[in-house]
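A.B. asks: The structure that follows is given in the form of C-alpha coordinates.
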Amino acid sequence: MPMGYFKRLEAFAYKIICIGRFLGMLDATRVQIFWGIGMWAMANRLRRQVVIVVGFCVMSSQVAAQQLPAELQQAWQNTKLSDSALSLVVKEVGGPTLIQHNATVPRNPASVMKMVTTWAGLSALGPEHTWRTTVYTQGPLSVDAQGSLQGPLYIKGSGDPFFSVPDLWNLLRDVRMRGVKNLSRVIVDRSDFGQVATDTYAFDGAGDRPYNASPDAMMVGFGASRLVFQPDPQNKKWVGFVDPPIAGMRVDNKVEWSNQRCPGSPVVNTQIKSAPNGTTVQASGTAAGSCGEFSVYRLTMGQEAFFNGLFKMIWKELGGTLAHDISAGKTPGNAQALVWHDSRSLADQIRVINKQSNNVMATLLLLRIGNQLNGSGATVASSENAAVRVLQSQGIDTSGWRIDNGSGLSRQARVTAQGLSQMLDVIWQSNYMPEFMSSLAIAGVDGTVRRRLRDDEVQGRAHLKTGTLRDARALAGYVLGSSGKRYIMVTMVNGEGTAAVRPFDDALVKWLAEQ
(Lines give C-alpha, C1' and ligand atoms only; values in the text may rest on other atoms or scores of the structure.)
Protein backbone atom coordinates (compact mmCIF):
# COMPACT_ATOMS: atom_id res chain seq x y z
CA MET A 1 0.00 0.00 0.00
CA PRO A 2 1.23 3.53 -0.63
CA MET A 3 2.73 5.44 2.28
CA GLY A 4 0.01 8.12 1.90
CA TYR A 5 -2.60 5.53 2.85
CA PHE A 6 -0.70 4.72 6.04
CA LYS A 7 -0.45 8.39 6.87
CA ARG A 8 -4.17 8.91 6.36
CA LEU A 9 -4.98 5.81 8.39
CA GLU A 10 -2.61 6.90 11.11
CA ALA A 11 -4.20 10.36 11.26
CA PHE A 12 -7.62 8.73 11.49
CA ALA A 13 -6.44 6.41 14.29
CA TYR A 14 -4.94 9.39 16.10
CA LYS A 15 -8.31 11.15 16.07
CA ILE A 16 -10.21 8.07 17.21
CA ILE A 17 -7.84 7.46 20.12
CA CYS A 18 -7.96 11.05 21.29
CA ILE A 19 -11.74 11.25 21.00
CA GLY A 20 -11.96 7.99 22.90
CA ARG A 21 -9.72 9.41 25.57
CA PHE A 22 -11.96 12.47 25.94
CA LEU A 23 -15.01 10.22 26.16
CA GLY A 24 -13.34 7.93 28.66
CA MET A 25 -13.25 5.01 26.21
CA LEU A 26 -9.55 4.47 25.48
CA ASP A 27 -8.17 1.16 26.68
CA ALA A 28 -5.52 -1.32 25.62
CA THR A 29 -7.99 -3.49 23.70
CA ARG A 30 -8.96 -0.67 21.35
CA VAL A 31 -5.35 0.24 20.68
CA GLN A 32 -4.61 -3.41 19.91
CA ILE A 33 -7.30 -3.40 17.21
CA PHE A 34 -5.00 -1.24 15.15
CA TRP A 35 -2.02 -3.39 15.96
CA GLY A 36 -3.91 -6.52 14.95
CA ILE A 37 -4.29 -5.55 11.29
CA GLY A 38 -0.82 -6.86 10.62
CA MET A 39 0.78 -3.57 9.66
CA TRP A 40 3.76 -3.66 12.00
CA ALA A 41 5.19 -0.39 10.72
CA MET A 42 2.02 1.51 11.47
CA ALA A 43 1.73 -0.26 14.85
CA ASN A 44 5.19 0.90 15.87
CA ARG A 45 4.42 4.43 14.82
CA LEU A 46 1.05 4.30 16.56
CA ARG A 47 2.72 3.09 19.75
CA ARG A 48 4.81 6.23 19.77
CA GLN A 49 1.79 8.35 18.87
CA VAL A 50 -0.28 6.86 21.70
CA VAL A 51 2.26 8.19 24.17
CA ILE A 52 1.94 11.64 22.62
CA VAL A 53 -1.85 11.45 22.35
CA VAL A 54 -2.32 10.26 25.92
CA GLY A 55 -0.05 13.04 27.10
CA PHE A 56 -2.06 15.54 25.08
CA CYS A 57 -5.34 14.19 26.44
CA VAL A 58 -4.08 14.24 30.02
CA MET A 59 -3.17 17.86 29.46
CA SER A 60 -6.69 18.31 28.15
CA SER A 61 -8.03 17.27 31.54
CA GLN A 62 -6.54 20.47 32.89
CA VAL A 63 -8.90 23.40 33.39
CA ALA A 64 -7.61 25.38 30.43
CA ALA A 65 -8.94 22.80 28.00
CA GLN A 66 -12.10 21.79 29.85
CA GLN A 67 -14.44 23.34 27.31
CA LEU A 68 -13.77 26.81 28.70
CA PRO A 69 -14.10 29.64 26.20
CA ALA A 70 -10.96 31.62 25.51
CA GLU A 71 -11.80 34.49 27.86
CA LEU A 72 -12.34 32.08 30.77
CA GLN A 73 -9.15 30.20 29.97
CA GLN A 74 -7.25 33.47 30.20
CA ALA A 75 -9.06 34.49 33.39
CA TRP A 76 -8.10 31.20 35.03
CA GLN A 77 -4.49 31.41 33.87
CA ASN A 78 -4.31 34.92 35.33
CA THR A 79 -5.03 33.54 38.80
CA LYS A 80 -1.72 31.63 38.68
CA LEU A 81 -3.37 29.01 40.88
CA SER A 82 -2.75 25.31 40.41
CA ASP A 83 -5.42 23.46 38.46
CA SER A 84 -5.45 20.89 41.24
CA ALA A 85 -6.68 23.57 43.69
CA LEU A 86 -9.93 24.08 41.80
CA SER A 87 -13.23 22.20 41.76
CA LEU A 88 -15.74 23.41 39.19
CA VAL A 89 -19.15 22.39 37.88
CA VAL A 90 -21.29 24.31 35.40
CA LYS A 91 -24.53 22.81 34.14
CA GLU A 92 -27.95 23.70 32.86
CA VAL A 93 -30.73 23.40 35.43
CA GLY A 94 -32.20 19.96 34.83
CA GLY A 95 -29.92 19.56 31.83
CA PRO A 96 -26.42 18.56 30.74
CA THR A 97 -23.16 19.39 32.47
CA LEU A 98 -21.17 21.94 30.47
CA ILE A 99 -17.95 22.06 32.47
CA GLN A 100 -16.61 19.98 35.34
CA HIS A 101 -13.20 19.70 36.93
CA ASN A 102 -12.28 17.84 40.12
CA ALA A 103 -16.02 17.62 40.76
CA THR A 104 -15.78 14.80 43.31
CA VAL A 105 -12.87 16.19 45.34
CA PRO A 106 -14.06 17.21 48.84
CA ARG A 107 -13.12 20.84 49.54
CA ASN A 108 -13.71 23.47 52.18
CA PRO A 109 -16.58 25.63 50.84
CA ALA A 110 -16.30 28.35 53.51
CA SER A 111 -19.67 30.12 53.87
CA VAL A 112 -21.14 28.39 50.83
CA MET A 113 -21.85 25.69 53.45
CA LYS A 114 -24.76 27.88 54.57
CA MET A 115 -26.58 26.84 51.40
CA VAL A 116 -26.45 23.25 52.62
CA THR A 117 -27.73 24.11 56.10
CA THR A 118 -30.50 26.42 54.93
CA TRP A 119 -31.73 23.95 52.31
CA ALA A 120 -31.70 21.05 54.80
CA GLY A 121 -33.64 23.23 57.24
CA LEU A 122 -36.10 24.50 54.67
CA SER A 123 -36.87 21.07 53.24
CA ALA A 124 -37.04 19.34 56.65
CA LEU A 125 -38.92 22.00 58.63
CA GLY A 126 -40.84 23.98 56.00
CA PRO A 127 -40.79 27.72 55.21
CA GLU A 128 -43.34 28.65 57.91
CA HIS A 129 -41.46 26.93 60.73
CA THR A 130 -40.99 29.17 63.79
CA TRP A 131 -39.18 29.10 67.13
CA ARG A 132 -41.08 29.76 70.38
CA THR A 133 -39.47 31.28 73.48
CA THR A 134 -41.78 30.65 76.44
CA VAL A 135 -42.07 31.98 79.98
CA TYR A 136 -43.56 29.51 82.48
CA THR A 137 -44.72 29.58 86.07
CA GLN A 138 -44.69 26.62 88.42
CA GLY A 139 -48.33 25.69 88.21
CA PRO A 140 -51.17 28.23 87.73
CA LEU A 141 -50.16 31.88 88.02
CA SER A 142 -50.15 32.97 91.67
CA VAL A 143 -49.26 36.58 92.50
CA ASP A 144 -49.85 38.28 95.87
CA ALA A 145 -51.03 41.84 96.47
CA GLN A 146 -47.48 43.19 96.19
CA GLY A 147 -46.93 41.52 92.82
CA SER A 148 -44.69 38.75 94.16
CA LEU A 149 -44.75 35.57 92.10
CA GLN A 150 -45.14 32.36 94.03
CA GLY A 151 -42.37 30.02 92.90
CA PRO A 152 -39.73 30.46 90.20
CA LEU A 153 -40.14 32.02 86.76
CA TYR A 154 -38.94 29.69 84.02
CA ILE A 155 -37.73 30.80 80.59
CA LYS A 156 -37.35 28.08 77.98
CA GLY A 157 -35.14 29.00 75.04
CA SER A 158 -35.56 27.27 71.69
CA GLY A 159 -32.50 28.63 69.88
CA ASP A 160 -34.35 31.34 67.95
CA PRO A 161 -31.57 32.66 65.67
CA PHE A 162 -33.03 36.17 65.45
CA PHE A 163 -34.31 36.74 69.00
CA SER A 164 -33.48 40.38 69.73
CA VAL A 165 -33.20 42.77 72.67
CA PRO A 166 -36.60 44.36 71.80
CA ASP A 167 -38.11 40.85 71.64
CA LEU A 168 -36.89 40.10 75.18
CA TRP A 169 -38.12 43.51 76.38
CA ASN A 170 -41.60 42.83 74.95
CA LEU A 171 -41.66 39.33 76.46
CA LEU A 172 -40.83 40.63 79.94
CA ARG A 173 -43.27 43.52 79.55
CA ASP A 174 -45.98 40.93 78.92
CA VAL A 175 -45.00 39.26 82.20
CA ARG A 176 -45.28 42.60 84.05
CA MET A 177 -48.68 43.26 82.49
CA ARG A 178 -49.95 40.10 84.18
CA GLY A 179 -49.25 41.56 87.57
CA VAL A 180 -45.84 40.03 88.19
CA LYS A 181 -43.38 42.47 89.78
CA ASN A 182 -41.22 40.67 92.34
CA LEU A 183 -39.34 37.53 91.37
CA SER A 184 -37.63 35.18 93.78
CA ARG A 185 -35.84 33.03 91.23
CA VAL A 186 -35.42 32.90 87.44
CA ILE A 187 -34.46 29.59 85.83
CA VAL A 188 -33.35 29.43 82.20
CA ASP A 189 -34.02 26.15 80.38
CA ARG A 190 -31.60 25.44 77.51
CA SER A 191 -32.36 21.71 77.31
CA ASP A 192 -33.30 21.77 73.60
CA PHE A 193 -29.53 21.70 73.05
CA GLY A 194 -26.77 19.67 74.61
CA GLN A 195 -23.24 21.03 75.09
CA VAL A 196 -22.90 23.44 72.17
CA ALA A 197 -20.90 26.38 73.56
CA THR A 198 -17.66 27.11 71.72
CA ASP A 199 -14.45 28.95 72.49
CA THR A 200 -14.90 32.10 70.42
CA TYR A 201 -11.12 32.59 70.24
CA ALA A 202 -10.39 29.10 68.90
CA PHE A 203 -10.96 29.71 65.18
CA ASP A 204 -8.80 32.74 64.44
CA GLY A 205 -8.05 34.44 67.76
CA ALA A 206 -10.63 37.19 67.15
CA GLY A 207 -12.95 36.02 69.88
CA ASP A 208 -14.64 39.38 70.38
CA ARG A 209 -15.91 39.57 66.79
CA PRO A 210 -19.61 38.74 66.29
CA TYR A 211 -18.88 36.35 63.41
CA ASN A 212 -17.29 34.06 66.02
CA ALA A 213 -20.35 34.10 68.34
CA SER A 214 -21.07 30.86 70.18
CA PRO A 215 -24.50 29.25 69.70
CA ASP A 216 -26.88 29.21 72.65
CA ALA A 217 -30.51 28.16 73.11
CA MET A 218 -31.23 31.49 74.80
CA MET A 219 -29.19 33.80 72.54
CA VAL A 220 -30.31 37.43 72.39
CA GLY A 221 -29.10 39.84 69.72
CA PHE A 222 -26.31 37.41 68.75
CA GLY A 223 -24.83 38.12 72.20
CA ALA A 224 -23.15 41.25 70.83
CA SER A 225 -22.75 44.68 72.43
CA ARG A 226 -22.81 47.87 70.37
CA LEU A 227 -19.97 50.27 71.10
CA VAL A 228 -21.07 53.78 70.17
CA PHE A 229 -18.61 56.61 69.52
CA GLN A 230 -19.96 60.15 69.43
CA PRO A 231 -17.86 63.08 68.16
CA ASP A 232 -17.12 66.00 70.46
CA PRO A 233 -15.76 68.60 67.96
CA GLN A 234 -15.24 71.29 70.58
CA ASN A 235 -12.86 69.16 72.64
CA LYS A 236 -11.54 67.14 69.67
CA LYS A 237 -12.33 63.80 71.21
CA TRP A 238 -14.60 60.80 70.97
CA VAL A 239 -17.16 59.92 73.64
CA GLY A 240 -17.77 56.19 73.91
CA PHE A 241 -20.54 54.18 75.54
CA VAL A 242 -21.97 50.66 75.33
CA ASP A 243 -25.45 49.57 74.31
CA PRO A 244 -27.21 47.80 75.96
CA PRO A 245 -25.88 49.37 79.19
CA ILE A 246 -25.55 46.14 81.17
CA ALA A 247 -24.46 46.64 84.79
CA GLY A 248 -20.70 46.22 85.22
CA MET A 249 -19.95 46.93 81.55
CA ARG A 250 -17.86 49.98 80.65
CA VAL A 251 -15.77 51.35 77.78
CA ASP A 252 -12.17 52.46 78.31
CA ASN A 253 -12.05 54.76 75.31
CA LYS A 254 -8.64 55.59 73.87
CA VAL A 255 -9.77 56.28 70.30
CA GLU A 256 -7.92 59.38 69.09
CA TRP A 257 -9.38 62.30 67.13
CA SER A 258 -8.20 63.15 63.62
CA ASN A 259 -8.93 66.24 61.53
CA GLN A 260 -8.48 64.37 58.26
CA ARG A 261 -11.23 63.86 55.73
CA CYS A 262 -13.25 60.76 56.56
CA PRO A 263 -11.63 57.84 54.65
CA GLY A 264 -14.51 55.45 55.32
CA SER A 265 -15.70 53.39 58.25
CA PRO A 266 -13.29 53.99 61.17
CA VAL A 267 -11.19 51.06 62.36
CA VAL A 268 -11.28 50.51 66.11
CA ASN A 269 -9.19 47.94 67.94
CA THR A 270 -10.70 46.36 71.05
CA GLN A 271 -9.60 44.21 73.94
CA ILE A 272 -12.04 42.65 76.40
CA LYS A 273 -10.93 42.64 80.03
CA SER A 274 -13.06 40.60 82.42
CA ALA A 275 -12.83 40.95 86.19
CA PRO A 276 -14.98 39.92 89.18
CA ASN A 277 -16.49 43.41 89.34
CA GLY A 278 -17.39 43.65 85.66
CA THR A 279 -16.15 43.83 82.08
CA THR A 280 -14.08 46.58 80.47
CA VAL A 281 -13.82 47.09 76.72
CA GLN A 282 -10.55 48.84 75.86
CA ALA A 283 -10.96 50.70 72.57
CA SER A 284 -8.07 52.21 70.62
CA GLY A 285 -7.30 53.59 67.19
CA THR A 286 -7.80 56.84 65.30
CA ALA A 287 -11.01 58.15 63.72
CA ALA A 288 -11.61 61.28 61.67
CA GLY A 289 -14.11 63.64 63.29
CA SER A 290 -15.73 64.24 59.91
CA CYS A 291 -16.94 60.62 59.94
CA GLY A 292 -19.53 61.51 62.56
CA GLU A 293 -21.02 59.08 65.05
CA PHE A 294 -20.22 55.44 64.38
CA SER A 295 -20.66 52.05 66.01
CA VAL A 296 -18.83 48.76 66.19
CA TYR A 297 -20.17 45.46 67.52
CA ARG A 298 -18.25 43.18 69.86
CA LEU A 299 -18.76 40.04 71.92
CA THR A 300 -18.07 41.36 75.40
CA MET A 301 -19.03 38.27 77.44
CA GLY A 302 -20.36 34.74 77.04
CA GLN A 303 -23.92 34.14 75.87
CA GLU A 304 -25.18 33.04 79.29
CA ALA A 305 -23.66 36.01 81.12
CA PHE A 306 -24.92 38.39 78.42
CA PHE A 307 -28.49 37.09 78.75
CA ASN A 308 -28.40 37.25 82.54
CA GLY A 309 -27.15 40.84 82.55
CA LEU A 310 -29.66 41.83 79.90
CA PHE A 311 -32.57 40.23 81.76
CA LYS A 312 -31.70 42.03 84.99
CA MET A 313 -31.33 45.37 83.20
CA ILE A 314 -34.67 45.11 81.38
CA TRP A 315 -36.55 43.74 84.39
CA LYS A 316 -35.29 46.62 86.50
CA GLU A 317 -36.27 49.15 83.81
CA LEU A 318 -39.77 47.66 83.84
CA GLY A 319 -40.00 48.24 87.58
CA GLY A 320 -39.44 44.64 88.65
CA THR A 321 -37.24 43.17 91.34
CA LEU A 322 -35.20 39.94 91.49
CA ALA A 323 -34.26 38.47 94.86
CA HIS A 324 -31.73 35.87 93.70
CA ASP A 325 -29.41 35.36 90.74
CA ILE A 326 -30.47 33.69 87.50
CA SER A 327 -29.68 29.97 87.27
CA ALA A 328 -29.85 27.15 84.73
CA GLY A 329 -32.32 24.28 84.98
CA LYS A 330 -35.22 22.44 83.39
CA THR A 331 -38.86 23.43 83.19
CA PRO A 332 -40.99 21.02 85.25
CA GLY A 333 -43.66 19.00 83.53
CA ASN A 334 -46.49 20.69 85.44
CA ALA A 335 -45.36 24.22 84.57
CA GLN A 336 -47.91 26.57 83.00
CA ALA A 337 -47.09 28.73 79.98
CA LEU A 338 -47.57 32.39 80.92
CA VAL A 339 -46.37 34.33 77.85
CA TRP A 340 -44.37 33.49 74.76
CA HIS A 341 -42.70 34.95 71.70
CA ASP A 342 -42.89 33.37 68.24
CA SER A 343 -40.00 34.06 65.90
CA ARG A 344 -39.93 35.16 62.30
CA SER A 345 -40.59 32.33 59.88
CA LEU A 346 -37.74 30.14 58.67
CA ALA A 347 -38.19 31.57 55.15
CA ASP A 348 -37.46 35.03 56.56
CA GLN A 349 -34.53 33.87 58.66
CA ILE A 350 -32.67 32.09 55.86
CA ARG A 351 -32.63 35.39 53.93
CA VAL A 352 -30.48 36.83 56.71
CA ILE A 353 -28.35 33.70 56.97
CA ASN A 354 -27.51 33.54 53.26
CA LYS A 355 -27.61 37.16 52.12
CA GLN A 356 -25.66 38.47 55.13
CA SER A 357 -23.74 35.22 55.75
CA ASN A 358 -24.54 35.07 59.47
CA ASN A 359 -22.53 32.27 61.08
CA VAL A 360 -24.22 31.76 64.44
CA MET A 361 -27.69 31.84 62.87
CA ALA A 362 -26.64 29.05 60.51
CA THR A 363 -25.37 26.95 63.42
CA LEU A 364 -28.57 27.53 65.38
CA LEU A 365 -30.60 26.40 62.37
CA LEU A 366 -28.50 23.24 62.11
CA LEU A 367 -29.12 22.57 65.82
CA ARG A 368 -32.84 23.14 65.28
CA ILE A 369 -32.84 20.44 62.60
CA GLY A 370 -31.23 18.06 65.09
CA ASN A 371 -33.67 19.05 67.83
CA GLN A 372 -36.75 18.62 65.66
CA LEU A 373 -35.67 15.34 64.09
CA ASN A 374 -33.88 13.72 67.06
CA GLY A 375 -35.37 15.39 70.14
CA SER A 376 -33.90 17.50 72.95
CA GLY A 377 -30.19 17.65 73.69
CA ALA A 378 -29.14 18.40 70.10
CA THR A 379 -25.42 18.79 69.47
CA VAL A 380 -23.51 19.85 66.39
CA ALA A 381 -22.56 16.22 65.67
CA SER A 382 -26.09 14.81 66.03
CA SER A 383 -27.54 17.70 64.02
CA GLU A 384 -24.99 17.22 61.25
CA ASN A 385 -26.06 13.58 60.97
CA ALA A 386 -29.71 14.61 60.82
CA ALA A 387 -29.04 17.14 58.04
CA VAL A 388 -27.06 14.58 56.01
CA ARG A 389 -29.96 12.13 56.26
CA VAL A 390 -32.31 14.79 54.91
CA LEU A 391 -30.05 15.45 51.92
CA GLN A 392 -29.40 11.79 51.17
CA SER A 393 -33.14 11.11 51.15
CA GLN A 394 -33.34 13.52 48.21
CA GLY A 395 -30.78 11.55 46.21
CA ILE A 396 -27.93 14.01 46.83
CA ASP A 397 -24.48 12.41 46.87
CA THR A 398 -22.88 13.53 50.15
CA SER A 399 -19.78 11.33 49.81
CA GLY A 400 -16.83 13.04 51.47
CA TRP A 401 -18.99 15.76 53.03
CA ARG A 402 -18.49 17.22 56.49
CA ILE A 403 -21.11 19.82 57.42
CA ASP A 404 -19.57 20.40 60.88
CA ASN A 405 -21.21 23.49 62.48
CA GLY A 406 -23.22 24.33 59.37
CA SER A 407 -21.86 27.85 58.93
CA GLY A 408 -18.65 27.19 57.00
CA LEU A 409 -16.61 28.84 59.75
CA SER A 410 -14.57 25.68 60.04
CA ARG A 411 -11.29 24.20 58.86
CA GLN A 412 -12.83 20.71 58.75
CA ALA A 413 -15.94 21.45 56.63
CA ARG A 414 -16.00 19.69 53.25
CA VAL A 415 -18.37 19.29 50.30
CA THR A 416 -17.95 18.34 46.64
CA ALA A 417 -18.81 20.50 43.66
CA GLN A 418 -20.73 17.59 42.16
CA GLY A 419 -22.84 17.12 45.30
CA LEU A 420 -23.56 20.84 45.57
CA SER A 421 -24.63 21.02 41.94
CA GLN A 422 -26.94 18.05 42.53
CA MET A 423 -28.43 19.82 45.52
CA LEU A 424 -29.03 23.00 43.52
CA ASP A 425 -30.76 20.93 40.83
CA VAL A 426 -32.97 19.27 43.46
CA ILE A 427 -33.83 22.67 44.92
CA TRP A 428 -34.87 24.04 41.53
CA GLN A 429 -37.35 21.18 41.07
CA SER A 430 -38.74 21.48 44.61
CA ASN A 431 -41.86 23.25 45.92
CA TYR A 432 -39.68 25.48 48.10
CA MET A 433 -37.45 26.74 45.30
CA PRO A 434 -38.82 30.34 45.43
CA GLU A 435 -38.18 30.61 49.17
CA PHE A 436 -34.63 29.33 48.81
CA MET A 437 -33.85 31.49 45.76
CA SER A 438 -35.02 34.60 47.61
CA SER A 439 -32.46 33.90 50.34
CA LEU A 440 -29.47 34.14 47.98
CA ALA A 441 -27.62 37.38 47.32
CA ILE A 442 -28.47 39.03 44.00
CA ALA A 443 -25.49 39.98 41.85
CA GLY A 444 -24.78 43.70 42.03
CA VAL A 445 -27.89 44.33 44.15
CA ASP A 446 -27.71 43.06 47.74
CA GLY A 447 -26.05 40.78 50.25
CA THR A 448 -22.43 39.75 49.94
CA VAL A 449 -22.32 40.44 46.17
CA ARG A 450 -23.92 43.88 46.18
CA ARG A 451 -20.62 45.49 45.14
CA ARG A 452 -19.73 42.79 42.60
CA LEU A 453 -21.01 42.01 39.12
CA ARG A 454 -22.72 45.37 38.60
CA ASP A 455 -22.27 45.32 34.83
CA ASP A 456 -25.48 45.86 32.89
CA GLU A 457 -25.36 42.40 31.33
CA VAL A 458 -25.09 40.55 34.66
CA GLN A 459 -26.56 42.74 37.42
CA GLY A 460 -29.61 41.04 38.86
CA ARG A 461 -29.17 37.90 36.73
CA ALA A 462 -27.39 35.74 39.30
CA HIS A 463 -28.48 34.47 42.73
CA LEU A 464 -25.32 33.47 44.57
CA LYS A 465 -23.71 32.49 47.85
CA THR A 466 -20.12 33.48 48.51
CA GLY A 467 -17.58 31.79 50.75
CA THR A 468 -14.39 33.34 52.06
CA LEU A 469 -11.77 32.04 54.46
CA ARG A 470 -8.04 32.61 54.63
CA ASP A 471 -7.34 29.51 52.53
CA ALA A 472 -10.67 28.89 50.83
CA ARG A 473 -12.87 30.71 48.31
CA ALA A 474 -16.16 29.49 46.88
CA LEU A 475 -19.07 30.77 44.82
CA ALA A 476 -22.24 28.86 44.00
CA GLY A 477 -25.76 29.47 42.81
CA TYR A 478 -27.88 30.14 39.76
CA VAL A 479 -27.27 32.36 36.72
CA LEU A 480 -29.95 33.35 34.20
CA GLY A 481 -28.57 33.42 30.66
CA SER A 482 -29.70 35.90 28.03
CA SER A 483 -31.24 32.95 26.15
CA GLY A 484 -33.61 32.33 29.06
CA LYS A 485 -31.77 29.20 30.19
CA ARG A 486 -30.87 28.92 33.86
CA TYR A 487 -27.44 27.61 34.83
CA ILE A 488 -26.02 26.11 38.00
CA MET A 489 -22.45 26.98 38.90
CA VAL A 490 -20.22 25.78 41.73
CA THR A 491 -16.60 26.86 42.03
CA MET A 492 -14.27 26.19 44.98
CA VAL A 493 -10.55 26.72 45.45
CA ASN A 494 -8.49 25.71 48.47
CA GLY A 495 -4.90 26.55 49.33
CA GLU A 496 -2.65 29.59 49.44
CA GLY A 497 -3.46 32.68 47.42
CA THR A 498 -7.10 31.73 46.83
CA ALA A 499 -8.20 35.38 46.78
CA ALA A 500 -6.81 35.51 43.23
CA VAL A 501 -9.78 33.45 42.00
CA ARG A 502 -12.31 36.27 42.34
CA PRO A 503 -11.83 37.73 38.81
CA PHE A 504 -12.21 34.23 37.36
CA ASP A 505 -15.43 33.64 39.32
CA ASP A 506 -16.82 36.97 38.17
CA ALA A 507 -15.84 36.22 34.56
CA LEU A 508 -17.61 32.86 34.80
CA VAL A 509 -20.84 34.47 36.04
CA LYS A 510 -20.68 37.10 33.28
CA TRP A 511 -20.06 34.45 30.62
CA LEU A 512 -23.07 32.43 31.78
CA ALA A 513 -25.27 35.54 31.85
CA GLU A 514 -24.41 36.13 28.21
CA GLN A 515 -25.35 32.60 27.07
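Residue numbering restarts at 1 for every chain of the C-alpha coordinates, chains are lettered A, B, ... in their displayed order, and ligands are numbered from 1 as they appear.
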Using only C-alpha atoms, which protein or nucleic acid residues come within 10 Å of Ala247 in chain A? Drop anything in the same chain fewer than 5 positions from it, and give the result as a ChimeraX atom specification.

C.D. replies: /A:277-279,309-310,312-313

A.B. asks: Write out as a PyMOL selection string all residues of range 63-157 of chain A that DSSP puts in helix (DSSP H, G or I) for this structure's backbone.

C.D. replies: chain A and resi 63-65+70-79+83-85+110-125

A.B. asks: Any idea what's packed within 6 Å of range 282-296 of chain A, counting only C-alpha atoms, ignoring anything in its chain fewer than 6 positions away? Could you give it as a list in words?

C.D. replies: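 So the residues in contact are Arg226, Leu227, Val228, Phe229, Gln230, Pro231, Asp252, Asn253, Lys254, Val255, Glu256, Trp257, Ser258, Asn259, Gln260, Cys262, Pro266, Val268, Asn269, Thr270 and Gln271 of chain A.
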
A.B. asks: Using only C-alpha atoms, which residue out of A:Gln303, A:Ser483, A:Ser399, A:Gln100 lies closest to Ala197 in chain A?

C.D. replies: A:Gln303

A.B. asks: Pull the strand (DSSP E or B) assignments for range 192-227 of chain A out of DSSP run on the backbone, and list those residues as a count of residues only.

C.D. replies: 4

A.B. asks: Point out the residue among A:Ser123, A:Gln394, A:Asn405, A:Ser345 with the least atom-to-atom distance to Ser382 in chain A, counting only C-alpha atoms.

C.D. replies: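 Distance minimum relative to Ser382 in chain A lands on A:Asn405.
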
A.B. asks: Taking into account only C-alpha atoms, which residue in the set A:Val449, A:Met219, A:Met249, A:Val501 is nearest to Val360 in chain A?

C.D. replies: A:Met219

A.B. asks: Got a sec: who's within 12 Å of range 314-319 of chain A, counting only C-alpha atoms, leaving out chain neighbours fewer than 5 positions off, as a list in words?

C.D. replies: Gly147, Val165, Pro166, Asp167, Leu168, Trp169, Asn170, Leu171, Leu172, Arg173, Asp174, Val175, Arg176, Met177, Gly179, Val180, Lys181, Asn182, Leu183, Val186, Pro244, Pro245, Ile246, Ala247, Phe307, Asn308 and Gly309 of chain A

A.B. asks: Using only C-alpha atoms, pick whichever of A:Val352, A:Ile488, A:Ala224, A:Ile187 has the shortest atom-to-atom distance to Pro96 in chain A.

C.D. replies: A:Ile488

A.B. asks: Enter the distance from CA of Ser87 in chain A to CA of Arg351 in chain A, in Å, rounded to one decimal.

C.D. replies: 26.4 Å
